[in-house]
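Structure file entry.txt (compact mmCIF, C-alpha atoms) is printed below.
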# COMPACT_ATOMS: atom_id res chain seq x y z
CA MET A 1 -5.50 -32.47 37.89
CA PRO A 2 -3.32 -32.50 34.72
CA SER A 3 0.35 -33.29 35.20
CA GLY A 4 1.28 -29.85 33.83
CA ASP A 5 -0.58 -28.13 36.64
CA ASP A 6 1.04 -30.52 39.13
CA ALA A 7 4.43 -29.15 38.04
CA LEU A 8 3.28 -25.55 38.08
CA GLU A 9 1.57 -25.38 41.46
CA PRO A 10 4.78 -25.54 43.54
CA LEU A 11 6.26 -22.72 41.45
CA ARG A 12 3.16 -20.57 41.90
CA ALA A 13 3.18 -21.26 45.64
CA ALA A 14 6.84 -20.27 45.91
CA LEU A 15 6.11 -17.01 43.98
CA ARG A 16 3.31 -16.14 46.37
CA VAL A 17 5.88 -16.25 49.15
CA SER A 18 8.60 -14.48 47.12
CA PRO A 19 6.87 -12.40 44.39
CA ASP A 20 10.06 -10.42 43.55
CA ASN A 21 12.13 -13.52 42.79
CA ILE A 22 12.97 -12.91 39.11
CA PRO A 23 14.73 -16.26 38.40
CA LEU A 24 11.77 -18.10 39.90
CA ARG A 25 9.23 -16.14 37.86
CA ARG A 26 11.28 -16.71 34.72
CA HIS A 27 11.36 -20.45 35.48
CA LEU A 28 7.56 -20.42 35.78
CA ALA A 29 7.24 -18.50 32.50
CA ASP A 30 9.66 -20.89 30.73
CA THR A 31 7.69 -23.87 32.02
CA LEU A 32 4.39 -22.41 30.85
CA LEU A 33 5.91 -21.76 27.44
CA ALA A 34 7.21 -25.33 27.21
CA LEU A 35 3.70 -26.57 28.03
CA GLY A 36 2.26 -24.52 25.14
CA ARG A 37 0.54 -22.00 27.41
CA ALA A 38 1.96 -18.91 25.69
CA ASP A 39 -0.73 -16.51 26.97
CA GLU A 40 0.06 -17.29 30.61
CA ALA A 41 3.80 -17.28 29.91
CA ALA A 42 3.58 -13.81 28.38
CA LYS A 43 1.94 -12.47 31.54
CA GLU A 44 4.74 -13.86 33.71
CA TYR A 45 7.46 -12.50 31.41
CA ARG A 46 5.78 -9.07 31.48
CA ALA A 47 5.64 -9.13 35.29
CA ALA A 48 9.34 -9.99 35.48
CA LEU A 49 10.28 -7.34 32.91
CA ALA A 50 8.46 -4.72 34.94
CA GLN A 51 11.16 -5.29 37.59
CA GLU A 52 14.11 -5.91 35.24
CA PRO A 53 13.30 -4.15 31.95
CA ALA A 54 16.82 -4.67 30.51
CA ASN A 55 16.92 -8.46 31.06
CA ALA A 56 17.65 -9.94 27.61
CA ALA A 57 16.59 -13.46 28.56
CA LEU A 58 13.18 -12.22 29.69
CA LYS A 59 12.79 -10.18 26.48
CA ILE A 60 13.55 -13.26 24.36
CA GLY A 61 11.05 -15.25 26.40
CA LEU A 62 8.33 -12.64 25.90
CA ALA A 63 9.11 -12.39 22.17
CA THR A 64 8.91 -16.19 21.88
CA ALA A 65 5.57 -16.19 23.68
CA PHE A 66 4.29 -13.53 21.28
CA TYR A 67 5.56 -15.62 18.35
CA HIS A 68 3.59 -18.65 19.55
CA GLN A 69 0.51 -16.46 20.02
CA GLY A 70 0.76 -15.30 16.42
CA LYS A 71 1.61 -11.74 17.50
CA ASP A 72 4.46 -11.46 15.02
CA SER A 73 4.68 -7.67 14.95
CA ALA A 74 4.99 -7.53 18.75
CA ALA A 75 7.66 -10.24 18.71
CA LEU A 76 9.54 -8.46 15.92
CA VAL A 77 9.67 -5.20 17.87
CA ILE A 78 11.43 -6.91 20.79
CA VAL A 79 13.78 -8.97 18.64
CA GLU A 80 14.83 -6.03 16.46
CA ASP A 81 15.72 -4.13 19.61
CA LEU A 82 17.75 -7.07 20.94
CA ILE A 83 19.81 -7.63 17.79
CA LYS A 84 21.06 -4.05 17.88
CA ALA A 85 23.24 -4.92 20.90
CA ASP A 86 26.83 -6.12 20.54
CA ASP A 87 26.25 -9.17 22.75
CA THR A 88 23.02 -10.38 21.13
CA PRO A 89 22.07 -13.86 22.38
CA GLY A 90 21.99 -16.56 19.71
CA ARG A 91 18.36 -17.34 20.53
CA ALA A 92 17.38 -13.82 19.45
CA TYR A 93 18.90 -14.31 15.98
CA VAL A 94 17.19 -17.69 15.56
CA LEU A 95 13.82 -16.26 16.61
CA HIS A 96 14.40 -13.36 14.20
CA ALA A 97 15.01 -15.93 11.46
CA ARG A 98 11.67 -17.61 12.23
CA LEU A 99 9.86 -14.29 12.03
CA LEU A 100 11.60 -13.43 8.76
CA VAL A 101 10.52 -16.74 7.23
CA LYS A 102 6.91 -15.97 8.10
CA ALA A 103 7.35 -12.57 6.45
CA GLY A 104 8.74 -14.22 3.31
CA ASP A 105 12.33 -12.96 3.65
CA VAL A 106 14.06 -16.35 3.49
CA GLU A 107 17.42 -15.01 2.32
CA ARG A 108 17.82 -12.81 5.37
CA ALA A 109 16.43 -15.54 7.62
CA VAL A 110 19.27 -17.84 6.54
CA ARG A 111 21.85 -15.23 7.52
CA GLN A 112 20.24 -14.56 10.89
CA TYR A 113 19.96 -18.29 11.67
CA LYS A 114 23.64 -18.80 10.87
CA LYS A 115 24.56 -15.91 13.17
CA GLY A 116 22.47 -17.34 15.99
CA SER A 117 23.71 -20.93 15.73
CA ALA A 118 27.32 -19.70 15.52
CA ALA A 119 26.92 -17.48 18.59
CA ASP A 120 25.14 -20.20 20.59
CA PRO A 121 25.21 -23.79 19.28
CA ALA A 122 22.48 -24.66 21.81
CA ALA A 123 20.12 -22.34 19.91
CA ALA A 124 20.48 -24.39 16.71
CA ASP A 125 17.38 -26.19 15.40
CA PRO A 126 18.34 -28.81 12.77
CA GLU A 127 14.75 -29.20 11.58
CA PHE A 128 14.34 -25.46 11.06
CA ALA A 129 17.78 -25.30 9.42
CA SER A 130 16.74 -28.03 7.01
CA ARG A 131 13.64 -26.02 6.06
CA LEU A 132 15.94 -23.09 5.29
CA GLY A 133 18.13 -25.32 3.12
CA ILE A 134 21.11 -25.00 5.47
CA THR A 135 23.50 -27.94 5.73
CA PRO A 136 26.45 -28.26 8.15
CA ASP A 137 28.98 -27.78 5.37
CA ASP A 138 27.34 -24.61 4.02
CA ALA A 139 29.75 -21.79 3.24
CA PRO A 140 28.86 -18.24 2.18
CA PRO A 141 29.33 -17.50 -1.52
CA ARG A 142 32.65 -15.89 -2.34
CA ARG A 143 32.77 -12.58 -4.20
CA THR A 144 35.66 -11.41 -6.34
CA GLU A 145 36.71 -8.06 -7.75
CA GLU A 146 35.48 -9.20 -11.17
CA ASP A 147 31.88 -9.62 -10.01
CA GLU A 148 29.50 -7.47 -12.03
CA VAL A 149 27.16 -6.91 -9.09
CA VAL A 150 28.36 -5.66 -5.71
CA ASP A 151 25.97 -5.39 -2.77
CA GLY A 152 23.01 -5.48 -5.11
CA ARG A 153 24.27 -2.53 -7.19
CA VAL A 154 26.00 -2.67 -10.60
CA ARG A 155 29.69 -1.86 -10.79
CA GLY A 156 31.32 -0.03 -13.65
CA ARG A 157 29.33 3.04 -14.66
CA ALA A 158 31.47 6.07 -15.25
CA GLU A 159 31.12 8.82 -12.66
CA GLY A 160 28.69 11.53 -13.66
CA SER A 161 27.18 9.48 -16.49
CA GLY A 162 23.80 9.13 -14.81
CA ALA A 163 20.85 11.39 -15.55
CA PRO A 164 20.22 14.09 -12.90
CA PRO A 165 17.40 13.41 -10.44
CA ASP A 166 13.97 14.57 -11.56
CA THR A 167 13.20 17.00 -8.74
CA THR A 168 10.73 19.73 -9.63
CA LEU A 169 10.91 23.06 -7.82
CA GLU A 170 7.36 24.05 -6.83
CA ARG A 171 5.87 27.27 -5.53
CA PRO A 172 2.91 25.92 -3.51
CA ALA A 173 -0.26 28.00 -3.41
CA VAL A 174 -1.55 26.28 -0.24
CA SER A 175 -0.78 27.60 3.22
CA PHE A 176 -1.66 26.76 6.83
CA LYS A 177 -5.21 28.03 6.37
CA ASP A 178 -5.71 25.08 3.99
CA VAL A 179 -4.66 22.58 6.68
CA GLY A 180 -7.45 21.55 9.03
CA GLY A 181 -6.48 21.38 12.72
CA MET A 182 -2.87 20.46 13.66
CA ASP A 183 -2.46 23.72 15.62
CA ALA A 184 0.32 22.40 17.88
CA LEU A 185 2.23 21.05 14.88
CA LYS A 186 1.86 24.32 13.01
CA GLU A 187 3.26 26.23 15.99
CA GLU A 188 6.29 23.93 16.20
CA ILE A 189 6.96 24.42 12.49
CA LYS A 190 6.54 28.18 12.85
CA MET A 191 9.18 28.30 15.61
CA LYS A 192 11.65 26.11 13.74
CA ILE A 193 11.12 27.21 10.14
CA ILE A 194 8.76 30.12 9.54
CA TYR A 195 9.72 32.67 12.22
CA PRO A 196 13.47 32.42 11.41
CA LEU A 197 12.68 33.42 7.82
CA LEU A 198 10.27 36.19 8.77
CA HIS A 199 12.46 37.58 11.61
CA PRO A 200 16.06 36.70 10.69
CA GLU A 201 17.55 39.56 12.70
CA MET A 202 15.99 38.27 15.93
CA TYR A 203 17.32 34.76 15.42
CA LYS A 204 20.72 36.12 14.41
CA ALA A 205 20.87 38.07 17.67
CA TYR A 206 20.51 34.79 19.56
CA GLY A 207 22.98 33.01 17.30
CA LYS A 208 20.36 30.67 15.83
CA ALA A 209 20.90 29.49 12.26
CA ILE A 210 18.06 29.71 9.76
CA GLY A 211 17.41 26.15 8.71
CA GLY A 212 17.35 22.70 10.21
CA GLY A 213 15.18 19.67 10.10
CA ILE A 214 11.83 18.39 11.33
CA LEU A 215 10.79 14.76 11.18
CA MET A 216 7.06 14.07 11.15
CA TYR A 217 5.80 10.58 11.89
CA GLY A 218 2.44 8.97 12.33
CA PRO A 219 -0.14 6.81 10.59
CA PRO A 220 -0.50 7.19 6.82
CA GLY A 221 -3.05 9.60 5.43
CA CYS A 222 -2.91 12.11 8.29
CA GLY A 223 -1.60 15.06 6.28
CA LYS A 224 2.20 15.01 6.68
CA THR A 225 2.87 15.73 3.00
CA HIS A 226 0.11 18.35 2.81
CA LEU A 227 1.52 20.07 5.91
CA ALA A 228 5.01 20.15 4.39
CA ARG A 229 3.73 21.72 1.17
CA ALA A 230 1.68 24.26 3.17
CA THR A 231 4.82 25.17 5.15
CA ALA A 232 6.55 26.24 1.93
CA GLY A 233 3.45 28.14 0.82
CA GLU A 234 3.25 29.94 4.16
CA VAL A 235 6.63 31.63 3.62
CA LYS A 236 6.53 31.77 -0.20
CA ALA A 237 9.53 29.42 -0.34
CA GLY A 238 10.44 26.91 -3.00
CA PHE A 239 9.38 23.32 -2.40
CA ILE A 240 11.15 20.18 -3.58
CA ALA A 241 9.46 16.85 -2.86
CA VAL A 242 11.90 13.94 -2.90
CA GLY A 243 10.78 10.32 -3.18
CA ILE A 244 12.84 7.16 -3.07
CA ASN A 245 12.73 6.79 -6.88
CA ASP A 246 14.26 10.25 -7.28
CA VAL A 247 17.42 9.17 -5.45
CA LEU A 248 18.03 5.43 -5.67
CA ASP A 249 19.95 4.19 -8.69
CA MET A 250 21.24 0.75 -9.64
CA TRP A 251 24.76 2.08 -10.37
CA ILE A 252 27.32 2.31 -7.58
CA GLY A 253 27.83 5.92 -6.48
CA GLN A 254 24.97 7.35 -8.54
CA SER A 255 22.48 7.40 -5.65
CA GLU A 256 24.90 9.45 -3.58
CA ARG A 257 25.38 11.90 -6.46
CA ASN A 258 21.60 12.15 -6.93
CA LEU A 259 21.19 13.02 -3.26
CA HIS A 260 23.93 15.65 -3.39
CA GLU A 261 22.41 17.25 -6.50
CA THR A 262 19.01 17.37 -4.81
CA PHE A 263 20.44 19.21 -1.79
CA GLN A 264 22.43 21.51 -4.08
CA ARG A 265 19.28 22.41 -6.01
CA ALA A 266 17.63 23.43 -2.74
CA ARG A 267 20.71 25.49 -1.76
CA ASP A 268 20.65 27.26 -5.14
CA ASN A 269 16.98 28.22 -4.66
CA LYS A 270 16.83 29.18 -0.99
CA PRO A 271 14.73 29.78 0.92
CA CYS A 272 13.60 26.31 0.02
CA VAL A 273 11.73 23.50 1.78
CA LEU A 274 13.28 20.13 0.96
CA PHE A 275 10.77 17.42 1.75
CA PHE A 276 11.66 13.73 1.97
CA ASP A 277 8.63 11.44 1.89
CA GLU A 278 9.04 7.94 3.35
CA VAL A 279 12.49 8.98 4.56
CA ASP A 280 13.01 5.61 6.28
CA ALA A 281 13.46 4.09 2.81
CA LEU A 282 16.54 6.31 2.28
CA GLY A 283 17.75 6.45 5.89
CA ALA A 284 17.07 2.96 7.24
CA SER A 285 19.02 1.85 10.27
CA ARG A 286 22.55 0.87 9.23
CA THR A 287 22.59 -1.97 11.77
CA ASP A 288 19.83 -3.68 9.78
CA MET A 289 21.60 -3.35 6.44
CA ARG A 290 23.31 -6.21 4.67
CA GLN A 291 24.67 -4.03 1.86
CA SER A 292 27.51 -1.54 2.30
CA ALA A 293 26.12 0.56 -0.57
CA GLY A 294 23.09 1.40 1.57
CA ARG A 295 25.35 2.53 4.40
CA GLN A 296 27.26 4.79 2.02
CA LEU A 297 24.01 6.46 0.96
CA ILE A 298 23.08 7.12 4.59
CA ASN A 299 26.53 8.56 5.29
CA GLN A 300 26.05 10.86 2.29
CA PHE A 301 22.59 11.88 3.59
CA LEU A 302 24.02 12.74 7.02
CA SER A 303 26.88 14.69 5.45
CA GLU A 304 24.45 16.73 3.33
CA MET A 305 22.27 17.51 6.36
CA ASP A 306 25.32 18.64 8.33
CA GLY A 307 26.27 20.98 5.47
CA ILE A 308 29.90 19.85 5.62
CA ALA A 309 30.70 20.69 1.99
CA SER A 310 28.05 23.42 1.51
CA ALA A 311 26.13 25.53 4.02
CA ASN A 312 22.44 24.74 4.47
CA ASP A 313 21.45 28.16 5.79
CA GLY A 314 18.01 28.86 4.33
CA VAL A 315 17.37 25.20 3.43
CA LEU A 316 14.49 23.90 5.50
CA ILE A 317 14.41 20.12 5.68
CA LEU A 318 11.15 18.33 6.39
CA ALA A 319 10.74 14.57 6.32
CA ALA A 320 7.84 12.19 6.84
CA THR A 321 7.73 8.54 7.77
CA ASN A 322 5.18 5.98 8.84
CA ALA A 323 7.91 3.87 10.47
CA PRO A 324 10.30 6.04 12.54
CA TRP A 325 11.62 2.92 14.28
CA HIS A 326 13.37 1.92 11.04
CA LEU A 327 15.20 5.26 10.71
CA ASP A 328 18.90 5.33 11.62
CA SER A 329 19.34 6.90 15.07
CA ALA A 330 22.06 9.24 13.75
CA PHE A 331 19.36 11.29 12.01
CA ARG A 332 17.93 12.28 15.39
CA ARG A 333 21.05 14.08 16.60
CA PRO A 334 20.97 17.87 17.15
CA GLY A 335 21.36 19.83 13.94
CA ARG A 336 19.70 17.13 11.86
CA PHE A 337 16.09 16.11 12.59
CA ASP A 338 16.19 17.72 16.03
CA ARG A 339 12.41 18.16 16.11
CA ILE A 340 10.47 14.90 15.94
CA LEU A 341 6.74 15.57 15.71
CA PHE A 342 3.97 13.01 16.06
CA VAL A 343 1.18 13.61 13.53
CA PRO A 344 -1.86 11.81 14.95
CA PRO A 345 -5.23 11.29 13.35
CA PRO A 346 -7.18 14.56 13.59
CA ASP A 347 -9.26 15.15 16.71
CA ALA A 348 -12.97 16.03 16.49
CA PRO A 349 -12.54 19.80 15.79
CA ALA A 350 -9.79 19.03 13.26
CA ARG A 351 -11.97 16.40 11.56
CA ALA A 352 -14.74 18.98 11.23
CA ALA A 353 -12.26 21.49 9.78
CA VAL A 354 -10.97 18.90 7.30
CA LEU A 355 -14.51 18.07 6.20
CA ARG A 356 -15.25 21.77 5.64
CA ILE A 357 -12.16 22.06 3.42
CA LEU A 358 -13.01 18.87 1.51
CA CYS A 359 -16.60 19.97 0.89
CA LYS A 360 -15.67 23.47 -0.24
CA GLY A 361 -16.94 24.23 -3.75
CA LYS A 362 -19.42 21.35 -3.81
CA PRO A 363 -23.25 21.65 -3.81
CA LEU A 364 -24.11 21.70 -0.13
CA GLY A 365 -27.27 21.60 1.90
CA ASP A 366 -27.52 21.96 5.67
CA LEU A 367 -24.38 20.19 6.89
CA ASP A 368 -23.55 19.54 10.54
CA TYR A 369 -19.79 18.97 10.23
CA ASP A 370 -19.32 18.58 13.98
CA HIS A 371 -21.86 15.76 14.15
CA VAL A 372 -20.20 13.89 11.30
CA ALA A 373 -16.80 14.43 12.91
CA ASP A 374 -18.06 12.89 16.16
CA LYS A 375 -19.02 9.73 14.26
CA ALA A 376 -15.63 9.48 12.50
CA VAL A 377 -13.39 8.73 15.49
CA GLY A 378 -9.94 7.55 14.43
CA PHE A 379 -10.40 8.58 10.79
CA SER A 380 -7.36 10.07 9.07
CA GLY A 381 -7.52 12.95 6.62
CA ALA A 382 -7.38 10.42 3.78
CA ASP A 383 -10.24 8.46 5.38
CA LEU A 384 -12.33 11.63 5.56
CA LYS A 385 -11.65 12.26 1.89
CA SER A 386 -12.99 8.77 1.20
CA VAL A 387 -16.11 9.66 3.23
CA VAL A 388 -16.76 12.70 1.02
CA ASP A 389 -15.99 10.73 -2.16
CA VAL A 390 -18.38 7.91 -1.22
CA ALA A 391 -21.12 10.40 -0.35
CA ILE A 392 -20.66 12.24 -3.67
CA GLU A 393 -20.71 8.98 -5.65
CA LYS A 394 -24.06 8.10 -4.08
CA LYS A 395 -25.41 11.55 -4.88
CA LEU A 396 -24.26 11.18 -8.49
CA ARG A 397 -25.99 7.80 -8.81
CA ASP A 398 -29.21 9.33 -7.42
CA ALA A 399 -28.89 12.30 -9.77
CA MET A 400 -28.38 10.05 -12.80
CA ARG A 401 -31.43 7.98 -11.83
CA GLU A 402 -33.75 10.88 -10.93
CA GLY A 403 -32.36 13.44 -13.36
CA VAL A 404 -32.16 16.08 -10.63
CA PRO A 405 -28.90 16.89 -8.76
CA LYS A 406 -29.31 17.36 -5.02
CA PRO A 407 -26.90 18.96 -2.52
CA LEU A 408 -24.89 16.99 0.03
CA ALA A 409 -26.58 16.69 3.41
CA THR A 410 -25.48 15.54 6.84
CA ARG A 411 -27.16 12.15 6.35
CA ASP A 412 -25.12 11.51 3.20
CA LEU A 413 -21.85 11.95 5.07
CA LEU A 414 -23.08 9.91 8.04
CA ASP A 415 -24.11 7.04 5.76
CA ALA A 416 -20.73 7.11 4.05
CA THR A 417 -18.93 7.15 7.41
CA ALA A 418 -20.86 4.05 8.52
CA THR A 419 -19.59 2.09 5.50
CA LEU A 420 -15.90 2.85 6.17
CA LYS A 421 -13.45 1.91 8.90
CA PRO A 422 -10.48 4.01 10.07
CA SER A 423 -7.26 2.96 8.36
CA THR A 424 -5.14 4.03 11.34
CA LYS A 425 -5.90 1.04 13.59
CA GLU A 426 -3.32 -1.26 12.00
CA TRP A 427 -0.59 1.37 12.32
CA PHE A 428 -1.32 1.92 16.00
CA ALA A 429 -1.19 -1.84 16.65
CA THR A 430 2.45 -1.83 15.51
CA ALA A 431 3.34 1.58 16.97
CA ARG A 432 2.00 0.55 20.39
CA ASN A 433 4.51 -2.29 20.59
CA TYR A 434 7.44 -0.03 19.72
CA ALA A 435 6.26 2.58 22.22
CA LEU A 436 6.02 -0.02 24.99
CA TYR A 437 9.12 -2.10 24.31
CA SER A 438 11.54 0.03 22.28
CA ASN A 439 11.10 3.57 23.57
CA GLN A 440 14.68 4.64 24.21
CA GLY A 441 14.87 8.26 25.31
CA GLY A 442 11.08 8.55 25.34
CA ILE A 443 10.87 9.31 21.61
CA TYR A 444 7.49 7.55 21.36
CA ASP A 445 5.96 9.06 24.49
CA ASP A 446 3.48 10.95 22.30
CA ILE A 447 2.11 7.61 21.06
CA LEU A 448 1.64 6.38 24.64
CA LYS A 449 -0.04 9.67 25.54
CA PHE A 450 -2.33 9.47 22.53
CA LEU A 451 -3.28 5.87 23.37
CA LYS A 452 -3.61 6.80 27.09
CA LEU A 453 -1.21 4.04 28.16

What do you get writing this file as structure tokens?
Amino acid sequence: MPSGDDALEPLRAALRVSPDNIPLRRHLADTLLALGRADEAAKEYRAALAQEPANAALKIGLATAFYHQGKDSAALVIVEDLIKADDTPGRAYVLHARLLVKAGDVERAVRQYKKGSAADPAAADPEFASRLGITPDDAPPRRTEEDEVVDGRVRGRAEGSGAPPDTTLERPAVSFKDVGGMDALKEEIKMKIIYPLLHPEMYKAYGKAIGGGILMYGPPGCGKTHLARATAGEVKAGFIAVGINDVLDMWIGQSERNLHETFQRARDNKPCVLFFDEVDALGASRTDMRQSAGRQLINQFLSEMDGIASANDGVLILAATNAPWHLDSAFRRPGRFDRILFVPPPDAPARAAVLRILCKGKPLGDLDYDHVADKAVGFSGADLKSVVDVAIEKKLRDAMREGVPKPLATRDLLDATATLKPSTKEWFATARNYALYSNQGGIYDDILKFLKL
């Protein structure tokens, strides 16, 4: 028997007698990890965490096991949760640095390693530090008031000298009838946004303000932007779509002014739906930020949502993100994004409805949308659009070769479906880890329910 197993057998025997002994199980997991048996170590760490889910040492152990297994996203979920605490162990920072190096963010890795080795000298790894270019006498670069660049933004532009943000006010022609499926989501939006506008007197009687925010999250391509635009069309409201490039500016203070002007434009044209796509890029967690300028922008965003300087009555704020775990928690407080809606890939009836909408106006034969939908499990709305596009391209090639155009048939869509894979799988691999290990307040329960975990 290998010497490693000789050392492990007494520990396993002791655990059989005392299965709830957390220190003993952690010792077994640590030993397995030291022997390079990360898979077995992860199982033991999981078993211990099931009894003590807040144990930081066990979380670091599990994250380290994931790291050695190559499960970097799973390890990152645990570590990012750990480093939010005030008493973060040094080992967590060092492991975070290793993960950042693998992701190519060496600059941030250096900072995290220095934090970890300063908090716990025993966590220091001279070989890893050498790879990062860190020497014992390293000192952080000193900034002065004369520096031209502060926190990655340029100092010195006169206030108000920037061009106003390019935000176009739309009047969308689409409405909920143009959105396939999503019935539960539509009902939530109706209660929060549409009914207050259609029945203001009823909401006023209950003291409910007309306005507020909804945050939609889920895998890309599942119709969050389309649903936001349809919401504005449903109530004949203005619609302003805001992207990161419409707000962020290289000059200090200009991004905050851009954001204020965007909100003011919505207030001047109410009722208006103000839609922020990829909102996590503008409202990333302040605890993760290394630049004070980014924090100032978030503070401005929160102030605008609260309507401190100007009332937001009649301004309906929708936002979409593929990564809600990167959004600052302050956005989830009541009065801000107080409805957080999971937008999953469409189910079978919704997929059939999406296909009907996508095929509308095209030459069609006898199409069994339900049958195609059954074969497209996990496909997003964008994936289904690709299915229709691929099928049409094949029909066009046949028409060019034969000289006779033919209508789309069920077989064409089935063949196209067989050549494509759902793009949502990668997102769910990451979301699953956050839902399992960083689900404070149950905000990701919908993901667990969807995955049947």

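Pairwise distance (atom CA of Leu396 of chain A, atom CA of Thr424 of chain A) equals 28.5 Å.
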
Within 8 Å of segment 226-236 of chain A using all atoms listed in the file, minus same-chain residues under 3 positions, as a ChimeraX atom specification: /A:171-176,178-179,189,194,197-198,223,239,272-273,275,318

Please dump the current selection as a CSV table (one decimal), keeping the file's coordinate frame; keep C-alpha atoms.
chain,number,residue,atom,x,y,z
A,171,ARG,CA,5.9,27.3,-5.5
A,172,PRO,CA,2.9,25.9,-3.5
A,173,ALA,CA,-0.3,28.0,-3.4
A,174,VAL,CA,-1.6,26.3,-0.2
A,175,SER,CA,-0.8,27.6,3.2
A,176,PHE,CA,-1.7,26.8,6.8
A,178,ASP,CA,-5.7,25.1,4.0
A,179,VAL,CA,-4.7,22.6,6.7
A,189,ILE,CA,7.0,24.4,12.5
A,194,ILE,CA,8.8,30.1,9.5
A,197,LEU,CA,12.7,33.4,7.8
A,198,LEU,CA,10.3,36.2,8.8
A,223,GLY,CA,-1.6,15.1,6.3
A,239,PHE,CA,9.4,23.3,-2.4
A,272,CYS,CA,13.6,26.3,0.0
A,273,VAL,CA,11.7,23.5,1.8
A,275,PHE,CA,10.8,17.4,1.8
A,318,LEU,CA,11.2,18.3,6.4

Residue nearest Pro363 of chain A - candidates A:Pro405, A:Tyr67, A:Thr262, A:Pro345, atoms counted: all atoms listed in the file: A:Pro405

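Atom CA of Ala323 of chain A to atom CA of Val279 of chain A spans 9.1 Å [interatomic distance, one decimal].
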
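Coordinates place atom CA of Ala320 of chain A at a distance of 19.1 Å from atom CA of Asn299 of chain A.
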
Got a sec: who's within 9 Å of Leu413 of chain A, counting all atoms listed in the file, leaving out chain neighbours fewer than 4 positions off, as a CSV table (one decimal) with C-alpha atoms, in the coordinates of the input?
chain,number,residue,atom,x,y,z
A,367,LEU,CA,-24.4,20.2,6.9
A,369,TYR,CA,-19.8,19.0,10.2
A,372,VAL,CA,-20.2,13.9,11.3
A,387,VAL,CA,-16.1,9.7,3.2
A,388,VAL,CA,-16.8,12.7,1.0
A,390,VAL,CA,-18.4,7.9,-1.2
A,391,ALA,CA,-21.1,10.4,-0.4
A,392,ILE,CA,-20.7,12.2,-3.7
A,408,LEU,CA,-24.9,17.0,0.0
A,409,ALA,CA,-26.6,16.7,3.4
A,417,THR,CA,-18.9,7.2,7.4
A,418,ALA,CA,-20.9,4.0,8.5

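Between Glu426 of chain A and the residues A:Gln296, A:Ser438, A:Thr31, A:Ser73, the shortest atom-to-atom distance, using all atoms listed in the file, involves A:Ser73.
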
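Closest approach to Lys395 of chain A among A:Leu185, A:Ala416, A:Ala41, A:Leu35: A:Ala416, based on only C-alpha atoms.
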
Of the listed residues A:Glu261, A:Asp86, A:Asp81, A:Glu201, that which approaches Ala119 of chain A most closely, counting all atoms listed in the file: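 Among A:Glu261, A:Asp86, A:Asp81, A:Glu201, it is A:Asp86 that comes nearest to Ala119 of chain A.
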
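Look at segment 48-65 of chain A: the protein and nucleic acid residues within 6 Å of it, using all atoms listed in the file and passing over chain neighbours fewer than 3 places away, are Ile22, Ala38, Ala42, Tyr45, His68 and Ala75 of chain A.
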
Residues near Leu99 of chain A, cut-off 9 Å, only C-alpha atoms, skip fewer than 2 positions along chain, as a ChimeraX atom specification: /A:67,72-73,75-76,94-97,101-105,109

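Compared by their closest atoms to Ser423 of chain A, and using all atoms listed in the file, the residues A:Ala237, A:Val106, A:Leu297, A:Cys222 rank with A:Cys222 nearest.
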
Proximity to Ile214 of chain A - best of A:Glu256, A:Asp39, A:Asp445, A:Glu188, all atoms listed in the file: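 Result for the nearest residue to Ile214 of chain A: A:Glu188.
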